[in-house]
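Participant: Below is the structure I would like to discuss, written out as structure tokens.
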Amino acid sequence: MYDARSYFPKSLGTMVRWFGEIVGYFDGRTTSGTVEGINNKLKLIKRLGYGFRNFSNFRLRSLLNWHFSINSP
């Protein structure tokens, strides 16, 4: 990283800020891939359902996507 400082200053700053997470991946193979996938799917549902009239409709569509059962009150 010392040698790369003069060539890639912005990239080095990013690596320094995220160093703990980078090392954590190699130590325990932990990633945020699952959470990123869920967020991506929710954004897709939101984009496809632009005309939802309220949050309840968005919630129903999201839960149905993951095959959850919805109990009516």
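Residues in the structure tokens are numbered from 1 in each chain, the chains being A, B, ... in the order shown, and ligands are numbered from 1 in the order shown.
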Env of A:Lys46: 12 Å cut, atoms = only C-alpha atoms, seq-sep filter 4 positions within chain, self excluded. Answer as a PyMOL selection string.
Facilitator: chain A and resi 39-42+50-55+57-62
Participant: Go ahead and dump the residues you just picked, C-alpha atoms, as a PDB file, in the first residue's frame.
Facilitator:
ATOM      1  CA  ASN A  39     -32.152  -4.377  -1.283  1.00  0.00           C
ATOM      2  CA  ASN A  40     -31.813  -4.793  -5.038  1.00  0.00           C
ATOM      3  CA  LYS A  41     -35.014  -6.853  -5.224  1.00  0.00           C
ATOM      4  CA  LEU A  42     -36.923  -4.271  -3.152  1.00  0.00           C
ATOM      5  CA  TYR A  50     -44.611   2.976  -9.383  1.00  0.00           C
ATOM      6  CA  GLY A  51     -48.369   3.383  -9.029  1.00  0.00           C
ATOM      7  CA  PHE A  52     -48.751   1.847  -5.571  1.00  0.00           C
ATOM      8  CA  ARG A  53     -51.298   3.958  -3.764  1.00  0.00           C
ATOM      9  CA  ASN A  54     -49.989   3.244  -0.267  1.00  0.00           C
ATOM     10  CA  PHE A  55     -47.234   1.457   1.622  1.00  0.00           C
ATOM     11  CA  ASN A  57     -49.620  -2.485  -1.261  1.00  0.00           C
ATOM     12  CA  PHE A  58     -45.837  -2.289  -1.529  1.00  0.00           C
ATOM     13  CA  ARG A  59     -45.485  -4.394   1.622  1.00  0.00           C
ATOM     14  CA  LEU A  60     -47.854  -7.049   0.284  1.00  0.00           C
ATOM     15  CA  ARG A  61     -46.016  -7.246  -3.023  1.00  0.00           C
ATOM     16  CA  SER A  62     -42.645  -7.521  -1.264  1.00  0.00           C
TER      17      SER A  62
END
Participant: Of the candidates A:Gly28, A:Lys43, A:Met15, A:Leu64, which one gets nearest to A:Met1 if we count only C-alpha atoms?
Facilitator: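 The answer is A:Met15, which sits nearest to A:Met1.
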Participant: Check chain A with DSSP on the backbone and list each residue it calls helix (DSSP H, G or I), as a ChimeraX atom specification.
Facilitator: /A:3-5,9-17,19-28,33-48,55-65
Participant: Could those residues be written to a file, using N, CA and C atoms, as a tab-separated table (two decimals), in the first residue's frame?
Facilitator:
chain	number	residue	atom	x	y	z
A	3	ASP	N	3.72	1.64	-1.60
A	3	ASP	CA	4.17	1.91	-2.97
A	3	ASP	C	3.04	2.43	-3.86
A	4	ALA	N	1.81	1.99	-3.59
A	4	ALA	CA	0.68	2.39	-4.43
A	4	ALA	C	0.18	3.79	-4.10
A	5	ARG	N	0.64	4.37	-3.01
A	5	ARG	CA	0.14	5.68	-2.58
A	5	ARG	C	0.30	6.75	-3.64
A	9	PRO	N	-3.97	7.35	-5.20
A	9	PRO	CA	-4.29	7.94	-3.90
A	9	PRO	C	-5.75	7.77	-3.49
A	10	LYS	N	-6.69	7.89	-4.42
A	10	LYS	CA	-8.10	7.73	-4.07
A	10	LYS	C	-8.43	6.28	-3.74
A	11	SER	N	-7.90	5.37	-4.52
A	11	SER	CA	-8.14	3.95	-4.25
A	11	SER	C	-7.54	3.55	-2.92
A	12	LEU	N	-6.39	4.06	-2.60
A	12	LEU	CA	-5.75	3.74	-1.33
A	12	LEU	C	-6.58	4.26	-0.16
A	13	GLY	N	-7.14	5.45	-0.31
A	13	GLY	CA	-8.00	5.98	0.74
A	13	GLY	C	-9.22	5.10	0.98
A	14	THR	N	-9.79	4.60	-0.09
A	14	THR	CA	-10.94	3.70	0.03
A	14	THR	C	-10.54	2.41	0.72
A	15	MET	N	-9.39	1.87	0.36
A	15	MET	CA	-8.92	0.62	0.99
A	15	MET	C	-8.64	0.82	2.47
A	16	VAL	N	-8.10	1.97	2.83
A	16	VAL	CA	-7.81	2.23	4.24
A	16	VAL	C	-9.11	2.34	5.02
A	17	ARG	N	-10.11	3.03	4.46
A	17	ARG	CA	-11.40	3.16	5.15
A	17	ARG	C	-12.10	1.82	5.32
A	19	PHE	N	-10.63	-1.24	5.33
A	19	PHE	CA	-9.65	-2.29	5.60
A	19	PHE	C	-10.20	-3.37	6.53
A	20	GLY	N	-10.93	-2.98	7.56
A	20	GLY	CA	-11.50	-3.96	8.48
A	20	GLY	C	-12.46	-4.92	7.79
A	21	GLU	N	-13.30	-4.40	6.90
A	21	GLU	CA	-14.25	-5.24	6.18
A	21	GLU	C	-13.54	-6.15	5.17
A	22	ILE	N	-12.50	-5.63	4.55
A	22	ILE	CA	-11.74	-6.44	3.58
A	22	ILE	C	-11.06	-7.60	4.30
A	23	VAL	N	-10.43	-7.32	5.42
A	23	VAL	CA	-9.78	-8.37	6.19
A	23	VAL	C	-10.81	-9.34	6.75
A	24	GLY	N	-11.97	-8.82	7.15
A	24	GLY	CA	-13.03	-9.68	7.67
A	24	GLY	C	-13.49	-10.70	6.65
A	25	TYR	N	-13.50	-10.32	5.40
A	25	TYR	CA	-13.89	-11.28	4.37
A	25	TYR	C	-12.90	-12.43	4.31
A	26	PHE	N	-11.63	-12.13	4.32
A	26	PHE	CA	-10.64	-13.19	4.21
A	26	PHE	C	-10.53	-14.02	5.49
A	27	ASP	N	-10.88	-13.44	6.64
A	27	ASP	CA	-10.86	-14.20	7.89
A	27	ASP	C	-12.04	-15.15	7.98
A	28	GLY	N	-13.24	-14.66	7.77
A	28	GLY	CA	-14.42	-15.48	7.99
A	28	GLY	C	-15.29	-15.68	6.79
A	33	GLY	N	-23.55	-9.81	0.72
A	33	GLY	CA	-24.21	-10.15	-0.53
A	33	GLY	C	-25.70	-10.41	-0.39
A	34	THR	N	-26.09	-11.10	0.68
A	34	THR	CA	-27.51	-11.39	0.89
A	34	THR	C	-28.30	-10.12	1.08
A	35	VAL	N	-27.79	-9.23	1.91
A	35	VAL	CA	-28.48	-7.97	2.17
A	35	VAL	C	-28.54	-7.14	0.89
A	36	GLU	N	-27.47	-7.11	0.14
A	36	GLU	CA	-27.46	-6.35	-1.11
A	36	GLU	C	-28.47	-6.92	-2.10
A	37	GLY	N	-28.61	-8.24	-2.14
A	37	GLY	CA	-29.59	-8.86	-3.02
A	37	GLY	C	-31.02	-8.50	-2.64
A	38	ILE	N	-31.30	-8.51	-1.33
A	38	ILE	CA	-32.64	-8.13	-0.86
A	38	ILE	C	-32.93	-6.67	-1.20
A	39	ASN	N	-31.96	-5.80	-0.96
A	39	ASN	CA	-32.15	-4.38	-1.28
A	39	ASN	C	-32.39	-4.18	-2.78
A	40	ASN	N	-31.65	-4.91	-3.60
A	40	ASN	CA	-31.81	-4.79	-5.04
A	40	ASN	C	-33.21	-5.25	-5.47
A	41	LYS	N	-33.68	-6.35	-4.89
A	41	LYS	CA	-35.01	-6.85	-5.22
A	41	LYS	C	-36.10	-5.86	-4.80
A	42	LEU	N	-35.94	-5.26	-3.61
A	42	LEU	CA	-36.92	-4.27	-3.15
A	42	LEU	C	-36.95	-3.05	-4.06
A	43	LYS	N	-35.78	-2.62	-4.51
A	43	LYS	CA	-35.74	-1.48	-5.44
A	43	LYS	C	-36.42	-1.82	-6.76
A	44	LEU	N	-36.25	-3.06	-7.20
A	44	LEU	CA	-36.90	-3.48	-8.44
A	44	LEU	C	-38.41	-3.48	-8.29
A	45	ILE	N	-38.91	-4.02	-7.17
A	45	ILE	CA	-40.35	-4.03	-6.92
A	45	ILE	C	-40.88	-2.60	-6.85
A	46	LYS	N	-40.14	-1.73	-6.19
A	46	LYS	CA	-40.56	-0.33	-6.08
A	46	LYS	C	-40.62	0.33	-7.45
A	47	ARG	N	-39.65	0.04	-8.28
A	47	ARG	CA	-39.62	0.64	-9.62
A	47	ARG	C	-40.75	0.09	-10.49
A	48	LEU	N	-41.01	-1.20	-10.40
A	48	LEU	CA	-42.08	-1.80	-11.21
A	48	LEU	C	-43.46	-1.38	-10.72
A	55	PHE	N	-48.33	2.34	1.23
A	55	PHE	CA	-47.23	1.46	1.62
A	55	PHE	C	-47.71	0.03	1.81
A	56	SER	N	-48.95	-0.17	2.20
A	56	SER	CA	-49.48	-1.51	2.43
A	56	SER	C	-49.40	-2.35	1.15
A	57	ASN	N	-49.71	-1.75	0.00
A	57	ASN	CA	-49.62	-2.49	-1.26
A	57	ASN	C	-48.18	-2.88	-1.58
A	58	PHE	N	-47.25	-1.98	-1.32
A	58	PHE	CA	-45.84	-2.29	-1.53
A	58	PHE	C	-45.39	-3.41	-0.60
A	59	ARG	N	-45.84	-3.37	0.64
A	59	ARG	CA	-45.49	-4.39	1.62
A	59	ARG	C	-46.02	-5.75	1.18
A	60	LEU	N	-47.27	-5.80	0.75
A	60	LEU	CA	-47.85	-7.05	0.28
A	60	LEU	C	-47.09	-7.63	-0.90
A	61	ARG	N	-46.76	-6.78	-1.85
A	61	ARG	CA	-46.02	-7.25	-3.02
A	61	ARG	C	-44.64	-7.77	-2.63
A	62	SER	N	-43.97	-7.09	-1.70
A	62	SER	CA	-42.64	-7.52	-1.26
A	62	SER	C	-42.71	-8.85	-0.53
A	63	LEU	N	-43.67	-8.99	0.37
A	63	LEU	CA	-43.77	-10.23	1.13
A	63	LEU	C	-44.19	-11.40	0.24
A	64	LEU	N	-45.06	-11.16	-0.72
A	64	LEU	CA	-45.44	-12.23	-1.64
A	64	LEU	C	-44.25	-12.68	-2.47
A	65	ASN	N	-43.37	-11.79	-2.75
A	65	ASN	CA	-42.18	-12.13	-3.52
A	65	ASN	C	-41.34	-13.18	-2.80
